[in-house]
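J.: Input structure-v5.cif, format and content: mmCIF, C-alpha atoms and all ligand atoms.
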data_run
#
loop_
_atom_site.label_atom_id
_atom_site.label_comp_id
_atom_site.auth_asym_id
_atom_site.auth_seq_id
_atom_site.Cartn_x
_atom_site.Cartn_y
_atom_site.Cartn_z
CA MET A 1 24.59 17.05 16.15
CA THR A 2 25.09 17.22 19.90
CA GLY A 3 22.68 16.91 22.76
CA ALA A 4 19.90 15.13 20.88
CA ASP A 5 18.96 11.50 20.33
CA ALA A 6 18.14 12.01 16.66
CA ASP A 7 18.31 14.74 14.04
CA VAL A 8 14.73 14.13 12.99
CA VAL A 9 11.95 11.99 14.43
CA VAL A 10 9.52 10.80 11.77
CA ALA A 11 6.17 9.68 13.21
CA GLY A 12 4.74 7.09 10.81
CA ALA A 13 6.42 4.37 8.76
CA GLY A 14 3.94 4.52 5.91
CA PRO A 15 5.34 5.05 2.41
CA ASN A 16 5.70 8.80 2.89
CA GLY A 17 7.47 8.67 6.24
CA LEU A 18 9.79 5.95 4.92
CA MET A 19 10.57 7.93 1.76
CA LEU A 20 11.50 10.91 3.93
CA ALA A 21 13.68 8.69 6.13
CA CYS A 22 15.54 7.49 3.00
CA GLU A 23 16.14 11.05 1.84
CA LEU A 24 17.29 12.27 5.26
CA ALA A 25 19.64 9.35 5.77
CA LEU A 26 21.01 9.73 2.24
CA ALA A 27 21.85 13.35 3.11
CA GLY A 28 23.69 12.31 6.27
CA CYS A 29 20.96 12.92 8.85
CA ARG A 30 20.05 10.52 11.66
CA PRO A 31 16.32 9.92 11.45
CA VAL A 32 14.39 7.75 13.90
CA VAL A 33 11.10 6.49 12.47
CA LEU A 34 8.32 5.55 14.91
CA ASP A 35 5.27 3.51 14.01
CA ARG A 36 2.61 2.34 16.44
CA ALA A 37 1.81 -0.69 14.27
CA PRO A 38 3.71 -3.89 15.07
CA GLY A 39 5.04 -4.09 11.51
CA PRO A 40 4.51 -2.95 7.93
CA ASP A 41 0.89 -2.58 6.75
CA PRO A 42 0.03 -5.53 4.43
CA GLU A 43 -3.19 -3.87 3.16
CA PRO A 44 -3.25 -3.38 -0.61
CA LYS A 45 -4.06 0.32 -1.09
CA ALA A 46 -2.30 2.30 -3.84
CA ASN A 47 -1.68 0.20 -6.92
CA GLY A 48 1.46 1.84 -8.14
CA LEU A 49 3.51 4.89 -8.99
CA VAL A 50 2.30 7.32 -11.65
CA GLY A 51 3.91 10.41 -13.20
CA GLN A 52 6.74 12.51 -11.84
CA VAL A 53 7.36 10.29 -8.84
CA VAL A 54 8.63 7.57 -11.22
CA THR A 55 11.41 9.89 -12.41
CA VAL A 56 12.23 10.86 -8.83
CA LEU A 57 12.52 7.23 -7.72
CA GLU A 58 14.51 6.26 -10.81
CA ARG A 59 17.12 8.83 -9.82
CA ARG A 60 17.41 7.08 -6.46
CA GLY A 61 17.69 3.61 -8.04
CA LEU A 62 14.45 2.62 -6.32
CA VAL A 63 12.40 1.73 -9.41
CA ALA A 64 14.86 -1.04 -10.26
CA ARG A 65 14.49 -2.36 -6.70
CA LEU A 66 10.72 -2.29 -7.04
CA THR A 67 10.52 -3.97 -10.43
CA GLY A 68 13.75 -5.98 -10.63
CA ASP A 69 14.38 -4.28 -14.00
CA ASP A 70 16.93 -1.47 -14.33
CA ARG A 71 15.85 -0.33 -17.80
CA PRO A 72 14.08 3.09 -18.00
CA VAL A 73 10.31 2.79 -17.59
CA PRO A 74 8.63 3.48 -20.99
CA PRO A 75 5.74 5.98 -21.30
CA VAL A 76 2.19 4.58 -21.24
CA PRO A 77 0.10 4.93 -24.43
CA GLY A 78 -2.93 6.23 -22.53
CA TYR A 79 -4.32 7.02 -19.11
CA THR A 80 -7.64 7.90 -17.51
CA PHE A 81 -7.98 11.30 -15.89
CA ALA A 82 -11.21 12.32 -14.13
CA GLY A 83 -12.99 9.44 -15.87
CA MET A 84 -11.82 10.57 -19.31
CA PRO A 85 -9.51 8.40 -21.42
CA LEU A 86 -6.44 10.32 -22.61
CA GLU A 87 -4.62 9.12 -25.74
CA LEU A 88 -1.11 10.06 -24.64
CA VAL A 89 0.40 8.14 -27.54
CA ARG A 90 -0.48 11.16 -29.70
CA LEU A 91 1.93 13.41 -27.78
CA ALA A 92 5.36 13.97 -29.32
CA ASP A 93 6.96 13.91 -25.87
CA ASN A 94 4.69 11.81 -23.67
CA PRO A 95 5.89 12.24 -20.06
CA LEU A 96 3.56 9.81 -18.28
CA ARG A 97 5.11 6.64 -16.92
CA VAL A 98 3.59 4.08 -14.60
CA VAL A 99 5.12 1.47 -12.28
CA PRO A 100 2.29 -0.90 -11.29
CA VAL A 101 3.59 -2.12 -7.93
CA GLY A 102 1.34 -2.41 -4.87
CA GLN A 103 1.73 -0.24 -1.77
CA PRO A 104 2.94 -3.02 0.57
CA ARG A 105 5.84 -3.76 -1.79
CA ILE A 106 6.67 -0.04 -2.14
CA ALA A 107 6.72 0.35 1.65
CA ALA A 108 8.84 -2.80 2.10
CA VAL A 109 11.45 -1.61 -0.42
CA LEU A 110 11.57 1.84 1.21
CA ALA A 111 11.91 0.32 4.69
CA ASP A 112 14.83 -1.84 3.52
CA ARG A 113 16.50 1.12 1.83
CA ALA A 114 16.02 3.43 4.82
CA ALA A 115 17.55 0.84 7.17
CA GLU A 116 20.42 0.24 4.74
CA LEU A 117 21.15 3.99 4.79
CA GLY A 118 21.21 4.07 8.59
CA ALA A 119 17.68 5.18 9.54
CA GLU A 120 16.30 3.49 12.62
CA ILE A 121 12.74 2.18 12.30
CA ARG A 122 10.93 1.35 15.54
CA TRP A 123 7.77 -0.70 15.01
CA GLY A 124 5.32 -0.82 17.92
CA HIS A 125 6.36 2.63 19.15
CA GLU A 126 3.56 5.21 19.31
CA LEU A 127 4.09 8.96 19.51
CA VAL A 128 1.84 10.20 22.30
CA ASP A 129 3.05 13.72 22.98
CA VAL A 130 5.23 16.49 21.59
CA ARG A 131 6.76 19.58 23.08
CA HIS A 132 8.78 21.88 20.92
CA GLY A 133 10.74 25.01 21.43
CA ALA A 134 13.13 27.18 19.48
CA ASP A 135 15.93 24.60 19.56
CA GLY A 136 14.29 21.25 19.14
CA VAL A 137 11.49 18.87 19.97
CA ALA A 138 10.84 16.42 22.79
CA VAL A 139 8.76 13.48 21.63
CA GLU A 140 7.10 11.13 24.09
CA VAL A 141 6.70 7.59 22.93
CA ASP A 142 4.84 4.54 24.20
CA GLY A 143 7.00 1.55 23.29
CA PRO A 144 6.90 -2.15 24.14
CA ASP A 145 8.94 -1.45 27.31
CA GLY A 146 6.95 1.58 28.44
CA ARG A 147 7.03 5.31 27.90
CA TYR A 148 10.24 7.08 26.94
CA ARG A 149 11.34 10.32 25.37
CA ILE A 150 13.37 11.24 22.30
CA ASP A 151 14.95 14.66 21.90
CA ALA A 152 15.52 15.73 18.32
CA GLY A 153 16.03 18.71 16.08
CA TYR A 154 12.74 18.27 14.19
CA LEU A 155 9.60 16.13 14.21
CA VAL A 156 7.78 15.20 11.02
CA GLY A 157 4.22 13.94 11.39
CA ALA A 158 3.78 11.39 8.62
CA ASP A 159 1.17 9.63 10.72
CA GLY A 160 -1.72 9.46 8.29
CA GLY A 161 -5.04 11.21 7.76
CA ARG A 162 -5.99 11.10 11.46
CA SER A 163 -2.56 12.49 12.43
CA THR A 164 -1.85 12.63 16.16
CA VAL A 165 0.92 15.17 15.50
CA ARG A 166 -1.47 17.46 13.65
CA ARG A 167 -4.00 17.21 16.48
CA ILE A 168 -1.43 17.84 19.24
CA CYS A 169 -0.15 20.90 17.43
CA GLY A 170 -3.69 22.21 16.98
CA ILE A 171 -3.40 22.45 13.21
CA ALA A 172 -6.85 22.57 11.64
CA PHE A 173 -7.71 20.25 8.75
CA PRO A 174 -10.37 22.10 6.79
CA GLY A 175 -12.02 20.74 3.68
CA VAL A 176 -14.94 18.65 2.59
CA SER A 177 -16.16 15.30 3.87
CA GLN A 178 -19.12 13.55 2.29
CA ASP A 179 -20.98 10.50 3.49
CA ARG A 180 -23.15 9.87 0.43
CA SER A 181 -21.05 7.63 -1.83
CA THR A 182 -20.05 4.03 -1.19
CA THR A 183 -17.01 2.53 -2.92
CA ARG A 184 -16.50 -1.23 -2.97
CA ILE A 185 -13.25 -2.80 -4.11
CA GLY A 186 -12.14 -6.40 -4.46
CA ALA A 187 -9.54 -8.50 -6.20
CA VAL A 188 -11.40 -11.05 -8.32
CA ARG A 189 -10.88 -14.05 -10.61
CA VAL A 190 -12.67 -14.24 -13.96
CA ARG A 191 -12.57 -16.92 -16.68
CA PRO A 192 -10.24 -16.25 -19.66
CA GLU A 193 -13.23 -16.36 -22.06
CA GLN A 194 -14.74 -13.30 -20.27
CA LEU A 195 -11.82 -11.19 -21.49
CA GLU A 196 -11.48 -9.48 -24.85
CA PRO A 197 -8.25 -11.03 -26.21
CA ALA A 198 -6.75 -7.87 -27.76
CA SER A 199 -7.42 -5.37 -24.98
CA GLY A 200 -7.85 -7.47 -21.84
CA GLY A 201 -11.19 -5.69 -21.34
CA LEU A 202 -13.89 -7.47 -19.33
CA VAL A 203 -16.90 -8.40 -21.47
CA VAL A 204 -20.16 -7.91 -19.53
CA PRO A 205 -23.15 -9.51 -21.31
CA GLY A 206 -26.00 -7.01 -21.53
CA PHE A 207 -23.71 -4.02 -20.94
CA GLY A 208 -20.60 -4.06 -23.16
CA THR A 209 -16.87 -4.18 -22.47
CA LEU A 210 -15.15 -2.61 -19.47
CA ALA A 211 -11.88 -1.38 -21.00
CA PRO A 212 -8.85 -1.87 -18.73
CA PHE A 213 -8.38 0.98 -16.23
CA ALA A 214 -10.76 3.28 -18.16
CA GLY A 215 -13.75 3.25 -15.80
CA VAL A 216 -17.35 3.65 -16.93
CA ARG A 217 -19.98 5.94 -15.46
CA THR A 218 -23.71 5.45 -15.35
CA ASP A 219 -26.47 7.44 -13.66
CA ARG A 220 -26.01 5.26 -10.58
CA GLY A 221 -22.23 5.35 -10.19
CA GLY A 222 -19.06 4.02 -11.80
CA VAL A 223 -17.20 0.74 -12.31
CA THR A 224 -13.51 0.22 -13.03
CA TRP A 225 -11.81 -2.94 -14.24
CA ALA A 226 -8.09 -2.99 -13.40
CA PRO A 227 -6.14 -6.02 -14.70
CA LEU A 228 -2.90 -5.31 -12.84
CA PRO A 229 0.19 -7.07 -14.19
CA GLY A 230 1.34 -9.99 -12.05
CA ARG A 231 -1.55 -9.59 -9.60
CA ASP A 232 -5.23 -10.46 -9.37
CA PRO A 233 -7.39 -7.93 -11.23
CA LEU A 234 -9.31 -5.37 -9.18
CA LEU A 235 -12.96 -4.56 -9.67
CA THR A 236 -14.24 -1.30 -8.15
CA ALA A 237 -17.81 -0.01 -7.96
CA VAL A 238 -18.78 3.45 -6.72
CA GLU A 239 -22.42 4.21 -6.01
CA TRP A 240 -23.82 7.67 -5.36
CA ASP A 241 -26.39 8.16 -2.62
CA ARG A 242 -26.11 4.76 -0.98
CA PRO A 243 -26.88 4.39 2.74
CA PRO A 244 -24.03 3.09 4.93
CA SER A 245 -23.89 -0.67 5.42
CA ALA A 246 -23.58 -2.49 8.74
CA THR A 247 -22.49 -5.86 7.39
CA THR A 248 -18.98 -7.19 6.80
CA MET A 249 -17.86 -6.50 3.25
CA SER A 250 -18.14 -9.51 0.94
CA LEU A 251 -17.69 -10.46 -2.70
CA ASP A 252 -21.48 -10.84 -2.94
CA GLU A 253 -21.86 -7.21 -1.85
CA LEU A 254 -19.38 -6.15 -4.55
CA ARG A 255 -21.25 -8.28 -7.11
CA ALA A 256 -24.60 -6.68 -6.21
CA SER A 257 -23.08 -3.18 -6.32
CA VAL A 258 -21.55 -3.74 -9.77
CA ALA A 259 -24.90 -5.08 -11.02
CA ARG A 260 -26.77 -2.01 -9.68
CA VAL A 261 -24.34 0.39 -11.37
CA LEU A 262 -24.11 -1.40 -14.73
CA GLY A 263 -27.61 -2.85 -14.86
CA ALA A 264 -26.00 -6.18 -15.77
CA ASP A 265 -24.41 -9.06 -13.87
CA VAL A 266 -20.65 -9.71 -13.86
CA ALA A 267 -19.55 -13.25 -13.03
CA PHE A 268 -16.44 -13.51 -10.84
CA GLU A 269 -15.01 -15.53 -7.96
CA ALA A 270 -12.50 -14.93 -5.18
CA PRO A 271 -8.86 -15.16 -6.30
CA ASP A 272 -6.86 -18.23 -5.33
CA GLY A 273 -4.80 -18.16 -2.14
CA ALA A 274 -5.27 -16.73 1.33
CA GLY A 275 -5.17 -13.05 0.42
CA PRO A 276 -5.52 -10.30 1.52
CA HIS A 277 -7.73 -9.85 -1.54
CA ALA A 278 -8.13 -6.08 -1.20
CA LEU A 279 -11.80 -6.51 -0.27
CA ARG A 280 -12.88 -3.15 1.06
CA ARG A 281 -15.87 -0.84 1.48
CA ILE A 282 -15.21 2.88 1.74
CA GLU A 283 -18.13 4.99 2.86
CA GLY A 284 -18.02 8.64 1.98
CA GLY A 285 -14.80 10.48 1.33
CA ASN A 286 -12.59 13.36 2.42
CA ASN A 287 -10.84 16.17 0.63
CA ARG A 288 -8.94 18.02 3.33
CA HIS A 289 -5.78 20.08 3.62
CA ALA A 290 -3.88 21.09 6.79
CA GLU A 291 -4.16 24.84 7.33
CA ARG A 292 -0.36 24.92 7.62
CA PHE A 293 2.28 22.28 7.07
CA ARG A 294 4.62 23.56 9.74
CA ASP A 295 4.46 24.60 13.38
CA GLY A 296 7.94 25.65 14.47
CA ARG A 297 10.07 22.50 14.41
CA VAL A 298 7.16 20.23 13.62
CA LEU A 299 6.19 19.52 10.01
CA LEU A 300 3.42 17.49 8.40
CA LEU A 301 3.83 15.13 5.46
CA GLY A 302 1.65 12.87 3.31
CA ASP A 303 -1.91 12.09 4.42
CA ALA A 304 -1.26 13.99 7.65
CA ALA A 305 -1.00 17.12 5.48
CA HIS A 306 -3.64 16.39 2.83
CA VAL A 307 -6.18 13.71 1.94
CA ASP A 308 -8.04 13.36 -1.34
CA THR A 309 -10.26 10.31 -1.42
CA ALA A 310 -11.44 10.89 -4.95
CA GLY A 311 -8.04 11.35 -6.50
CA GLY A 312 -6.20 8.21 -5.41
CA GLN A 313 -3.01 10.31 -5.25
CA GLY A 314 -1.96 10.28 -1.60
CA LEU A 315 1.03 8.03 -2.02
CA ASN A 316 2.22 9.54 -5.29
CA LEU A 317 1.96 13.15 -4.13
CA GLY A 318 3.23 12.42 -0.64
CA MET A 319 6.38 10.71 -1.87
CA GLN A 320 7.25 13.72 -4.03
CA ASP A 321 6.63 15.98 -1.03
CA ALA A 322 8.94 13.73 1.01
CA VAL A 323 11.77 14.15 -1.50
CA ASN A 324 11.18 17.90 -1.62
CA LEU A 325 11.21 18.13 2.17
CA GLY A 326 14.10 15.71 2.70
CA TRP A 327 17.00 17.72 1.34
CA LYS A 328 15.73 20.96 2.85
CA LEU A 329 15.34 19.44 6.28
CA ALA A 330 18.75 17.79 5.99
CA ARG A 331 20.30 21.17 5.13
CA SER A 332 18.55 22.76 8.11
CA CYS A 333 19.78 20.03 10.44
CA ALA A 334 23.33 20.48 9.22
CA ALA A 335 23.17 24.28 9.41
CA THR A 336 21.57 24.60 12.83
CA PRO A 337 22.41 21.60 14.96
CA ALA A 338 19.89 21.35 17.74
CA ALA A 339 21.18 22.19 21.20
CA ILE A 340 18.47 20.60 23.26
CA SER A 341 18.14 22.67 26.40
CA TRP A 342 16.37 20.17 28.61
CA THR A 343 17.46 16.78 29.92
CA ALA A 344 17.71 14.27 27.10
CA THR A 345 16.31 10.73 27.13
CA THR A 346 14.68 11.08 30.55
CA PRO A 347 11.20 9.60 30.44
CA ASN A 348 8.56 12.28 31.15
CA ALA A 349 11.31 14.62 32.30
CA GLY A 350 10.96 18.25 33.14
CA PRO A 351 8.80 21.09 32.00
CA PRO A 352 8.72 22.19 28.38
CA PRO A 353 11.53 24.57 27.45
CA ALA A 354 11.01 28.32 27.30
CA GLY A 355 9.28 29.32 24.11
CA CYS A 356 7.57 25.99 23.82
CA CYS A 357 4.55 26.40 21.58
CA CYS A 358 3.00 22.99 21.35
CA THR A 359 2.00 20.42 23.91
CA ARG A 360 -0.69 17.83 24.09
CA ALA A 361 -3.81 18.43 26.12
CA ARG A 362 -4.88 14.92 27.06
C1 LIG B 1 -8.20 1.54 -0.91
C2 LIG B 1 -7.17 2.61 -1.11
C3 LIG B 1 -6.64 2.83 -2.38
C4 LIG B 1 -5.70 3.81 -2.56
N1 LIG B 1 -5.20 3.99 -3.84
C5 LIG B 1 -4.26 4.93 -4.05
C6 LIG B 1 -3.69 5.11 -5.34
O1 LIG B 1 -4.04 4.41 -6.29
N2 LIG B 1 -2.71 6.04 -5.48
C7 LIG B 1 -2.27 6.81 -4.43
O2 LIG B 1 -1.37 7.61 -4.62
N3 LIG B 1 -2.80 6.66 -3.20
C8 LIG B 1 -3.78 5.76 -2.99
N4 LIG B 1 -4.32 5.61 -1.76
C9 LIG B 1 -3.87 6.51 -0.69
C10 LIG B 1 -2.59 6.00 -0.05
O3 LIG B 1 -2.77 4.68 0.42
C11 LIG B 1 -2.25 6.93 1.10
O4 LIG B 1 -2.21 8.25 0.59
C12 LIG B 1 -0.90 6.59 1.73
O5 LIG B 1 -0.97 5.39 2.48
C13 LIG B 1 -0.45 7.71 2.64
O6 LIG B 1 0.80 7.37 3.15
P1 LIG B 1 1.35 8.05 4.48
O7 LIG B 1 2.71 7.47 4.65
O8 LIG B 1 1.18 9.51 4.42
O9 LIG B 1 0.33 7.57 5.60
P2 LIG B 1 -0.10 6.10 6.05
O10 LIG B 1 0.12 5.12 4.97
O11 LIG B 1 -1.49 6.25 6.61
O12 LIG B 1 0.91 5.74 7.21
C14 LIG B 1 0.83 6.39 8.47
C15 LIG B 1 1.55 5.52 9.47
O13 LIG B 1 1.58 6.23 10.70
C16 LIG B 1 1.40 5.32 11.76
N5 LIG B 1 0.91 6.09 12.90
C17 LIG B 1 -0.28 6.70 13.08
N6 LIG B 1 -0.33 7.35 14.25
C18 LIG B 1 0.87 7.14 14.85
C19 LIG B 1 1.44 7.56 16.08
N7 LIG B 1 0.76 8.34 16.94
N8 LIG B 1 2.69 7.17 16.37
C20 LIG B 1 3.39 6.38 15.52
N9 LIG B 1 2.91 5.94 14.34
C21 LIG B 1 1.66 6.33 14.00
C22 LIG B 1 0.40 4.30 11.22
O14 LIG B 1 0.50 3.07 11.91
C23 LIG B 1 0.86 4.19 9.76
O15 LIG B 1 1.77 3.14 9.56
C24 LIG B 1 -5.28 4.63 -1.50
C25 LIG B 1 -5.81 4.43 -0.22
C26 LIG B 1 -6.75 3.43 -0.03
C27 LIG B 1 -7.31 3.23 1.36
#
When written as C-alpha cells, how does the structure in this file appear?
Ligand SMILES: Cc1cc2nc3c(=O)[nH]c(=O)nc-3n(C[C@H](O)[C@H](O)[C@H](O)COP(=O)(O)OP(=O)(O)OC[C@H]3O[C@@H](n4cnc5c(N)ncnc54)[C@H](O)[C@@H]3O)c2cc1C
T.:
Amino acid sequence: MTGADADVVVAGAGPNGLMLACELALAGCRPVVLDRAPGPDPEPKANGLVGQVVTVLERRGLVARLTGDDRPVPPVPGYTFAGMPLELVRLADNPLRVVPVGQPRIAAVLADRAAELGAEIRWGHELVDVRHGADGVAVEVDGPDGRYRIDAGYLVGADGGRSTVRRICGIAFPGVSQDRSTTRIGAVRVRPEQLEPASGGLVVPGFGTLAPFAGVRTDRGGVTWAPLPGRDPLLTAVEWDRPPSATTMSLDELRASVARVLGADVAFEAPDGAGPHALRRIEGGNNRHAERFRDGRVLLLGDAAHVDTAGGQGLNLGMQDAVNLGWKLARSCAATPAAISWTATTPNAGPPPAGCCCTRAR
C-alpha cells in the first residue's frame, strides 16, 4: 500500500479487535490497533470458548497456546441451552467442544499473537473522530502525546457496545433494553463437603443440588453454579423484577440474592488471593443489533455490531465474525490499495476529501 499509515485501523483491542488484527496480519495486511485503555482489560467476563470458534482457533494453533495442550479438544458430554440440559453424549457425531479459559487470558494470547505477526497495538490511544471517503479513512486519535491522525484503507470499529465509531457514523443500534432484571456474579470458595463427590454439584440444604453449569430456575429467578477448571467457581443469581441498587456490590448481596431465588441459604466465602474475584452486578440487559455493519470504508465488529446480554455469546460470536471479516478485508486491501488523497499524518489536517460521508459532530 502507498500513501497510507496503515492498511486497516482497528479501534478496540478487546478479544474481537485483536482476533481481527491476527487475521489481517496473517494475511499480510498492516493493521494498527488503537485502544483508549492503558492496557489489557483484567476483568473476568466470558469464561471460555464454546462451539465452532474452538475449531476456528484450533486451525490457527491458538487453542494450544491458550491451554498449553496441543491435543484436539474432545467433545463435551452435555451442555445447557436456554436453561435446558442437553445430553450431547447421545449424539453419534457430537460437535460441541469447550475450552474453559477466561477472557483476560484469551485477550492476552491474541495480543501476543497479533504483535508476533506484525500488528501494532497502541494502548492509551483513543479514536475521537473519523472521516472517510471513496479511497480511505482518516482517523483522529488522542494519544499520550496529544492528538494525531492516521490515514488508512479501512477502519473497523471493534470498540464495544457503546461504540464511538458506530455513533460517529450515525449507525442506529435498534433492539430491546430492559431494566427489570438484576444479575449478580461472584467467584466464591466453598468447603469440599458441600460438593457432591461424583458430579461436583453444590449441595444446598433445604433446596437440593445445583448441578455444575446446568442452572436452576424458580419463580423468582435463576441460579447457576459453575465450577470452572483451574479457577475459583462462579456463582450467579438472576432475579426478575428487582429494583436497581445504589450500594457497592458485595458477597453479602450475592448471598442474599441466591437465598431469595432458591429459598435456601448457600454458605460461601471469598476466594483466596487479591482477585479480581469477578464480583459484579448487572442491572437490566440489552439485545441490540447495528442497523448495518458497514458504512463505506468503516465496518463494525463484535459488541459494536451486536450485544446480547442474555446469551453470553459476544466473545464467541464476535471472534468468528472477526475470522470471517479478516480474510475478506485482507483481500480488499490487496486488491484496491488505498490512495489517500489528503495529506497523511498531519494532525487535524485539511478538510474531508470529496465524497466523504462520515464525520463526527462534536
Ligand atoms: C460479566 C460478563 C460475562 C460475559 N460472559 C460471556 C460468555 O460467557 N461468553 C461470551 O461469548 N461472552 C460473554 N460476555 C460478553 C463478552 O465479554 C463481550 O462480548 C466481549 O468483551 C466483546 O468483545 P469486543 O472485543 O467486541 O469488545 P470489548 O471487549 O468491549 O472491547 C472493546 C475495546 O474497545 C476499547 N475502546 C472503546 N472505545 C474506544 C475508542 N473510542 N478508541 C479506542 N478504543 C476504544 C475499549 O477500551 C475496549 O478495550 C460477557 C460479558 C460480561 C460483562
J.: Report, in Å to a single decimal, how far apart CA of Gly314 in chain A and atom O3 of ligand LIG 1 (chain B) are.
T.: 6.0 Å
J.: One decimal, in Å: what's the spacing between CA of Lys45 in chain A and CA of Gly160 in chain A?
T.: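 CA of Gly160 in chain A lies 13.3 Å from CA of Lys45 in chain A.
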J.: Nearest residue to Asp252 in chain A out of A:Gly302, A:Gly186, A:Pro74, A:Pro15, using only C-alpha atoms?
T.: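 Checking each of A:Gly302, A:Gly186, A:Pro74, A:Pro15 against Asp252 in chain A, counting only C-alpha atoms, the winner is A:Gly186.
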J.: Counting all atoms listed in the file, note down every residue that has an atom within 10 Å of the point (5.4, 18.8, 15.8) (file coordinates), as a ChimeraX atom specification.
T.: /A:9-11,129-133,136-139,154-157,164-171,293-300,357-359
J.: Write out, as a short mmCIF file (atom, residue, chain, number, x, y, z; two decimals), in the frame of the given file, the residues just selected, with C-alpha atoms.
T.:
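Output below, filename result.cif:
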data_model
loop_
_atom_site.label_atom_id
_atom_site.label_comp_id
_atom_site.auth_asym_id
_atom_site.auth_seq_id
_atom_site.Cartn_x
_atom_site.Cartn_y
_atom_site.Cartn_z
CA VAL A 9 11.95 11.99 14.43
CA VAL A 10 9.52 10.80 11.77
CA ALA A 11 6.17 9.68 13.21
CA ASP A 129 3.05 13.72 22.98
CA VAL A 130 5.23 16.49 21.59
CA ARG A 131 6.76 19.58 23.08
CA HIS A 132 8.78 21.88 20.92
CA GLY A 133 10.74 25.01 21.43
CA GLY A 136 14.29 21.25 19.14
CA VAL A 137 11.49 18.87 19.97
CA ALA A 138 10.84 16.42 22.79
CA VAL A 139 8.76 13.48 21.63
CA TYR A 154 12.74 18.27 14.19
CA LEU A 155 9.60 16.13 14.21
CA VAL A 156 7.78 15.20 11.02
CA GLY A 157 4.22 13.94 11.39
CA THR A 164 -1.85 12.63 16.16
CA VAL A 165 0.92 15.17 15.50
CA ARG A 166 -1.47 17.46 13.65
CA ARG A 167 -4.00 17.21 16.48
CA ILE A 168 -1.43 17.84 19.24
CA CYS A 169 -0.15 20.90 17.43
CA GLY A 170 -3.69 22.21 16.98
CA ILE A 171 -3.40 22.45 13.21
CA PHE A 293 2.28 22.28 7.07
CA ARG A 294 4.62 23.56 9.74
CA ASP A 295 4.46 24.60 13.38
CA GLY A 296 7.94 25.65 14.47
CA ARG A 297 10.07 22.50 14.41
CA VAL A 298 7.16 20.23 13.62
CA LEU A 299 6.19 19.52 10.01
CA LEU A 300 3.42 17.49 8.40
CA CYS A 357 4.55 26.40 21.58
CA CYS A 358 3.00 22.99 21.35
CA THR A 359 2.00 20.42 23.91
#
J.: Identify the residues around (-5.5, -0.4, 3.2) within a radius of 10 Å, measuring from only C-alpha atoms in the coordinates stated by the file, and give them as a ChimeraX atom specification.
T.: /A:41-46,103-104,278-280
J.: For each of A:Pro205, A:Pro212, A:Gly48, A:Gly284, take the minimum atom-to-atom distance to Arg242 in chain A, counting all atoms listed in the file, then give the residue where this is smallest.
T.: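 For Arg242 in chain A, the nearest of the given residues is A:Gly284.
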J.: I'd like the neighbourhood of Glu87 in chain A as a PyMOL selection string, where a residue qualifies if any of its atoms comes within 12 Å (using all atoms listed in the file), though same-chain residues fewer than 4 positions away should be ignored.
T.: chain A and resi 75-81+91-92+94+96+214
J.: Take CA of His277 in chain A and CA of Asp219 in chain A and report the distance between them in Å, one decimal.
T.: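 The value is 28.2 Å.
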J.: With all atoms listed in the file as the atoms that count, which of A:Gly273, A:Pro227, A:Pro100, A:Gly14 lies nearest to ligand LIG 1 (chain B)?
T.: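 Answer, going by the shortest atom-to-atom distance: A:Gly14.
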J.: Box time for ligand LIG 1 (chain B): axis-aligned, enclosing all its listed atoms, 3 Å extra on each side; report centre and edge lengths in Å to one decimal, as JSON.
T.:
{"center_x": -2.4, "center_y": 5.5, "center_z": 5.3, "size_x": 17.6, "size_y": 14.0, "size_z": 29.2}
J.: Considering only C-alpha atoms, can you say which of A:Glu291, A:Glu193, A:Asp7, A:Asp112 comes closest to His306 in chain A?
T.: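 Between A:Glu291, A:Glu193, A:Asp7, A:Asp112, the residue approaching His306 in chain A most closely is A:Glu291.
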J.: Restricting the calculation to all atoms listed in the file: of A:Gly206, A:Gly61, A:Gly51, A:Gly68, which residue gets closest to Gln313 in chain A?
T.: A:Gly51
J.: Which is closest to Pro192 in chain A among A:Ile106, A:Phe207, A:Ala330, A:Phe268, if we use all atoms listed in the file?
T.: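 Smallest separation from Pro192 in chain A among the options: A:Phe268.
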J.: Tell me, as JSON, numbers by chain, which residues lie within 10 Å of Arg231 in chain A, counting only C-alpha atoms; anything in the same chain fewer than 6 positions away does not count.
T.: {"A": [100, 101, 102, 187, 271]}
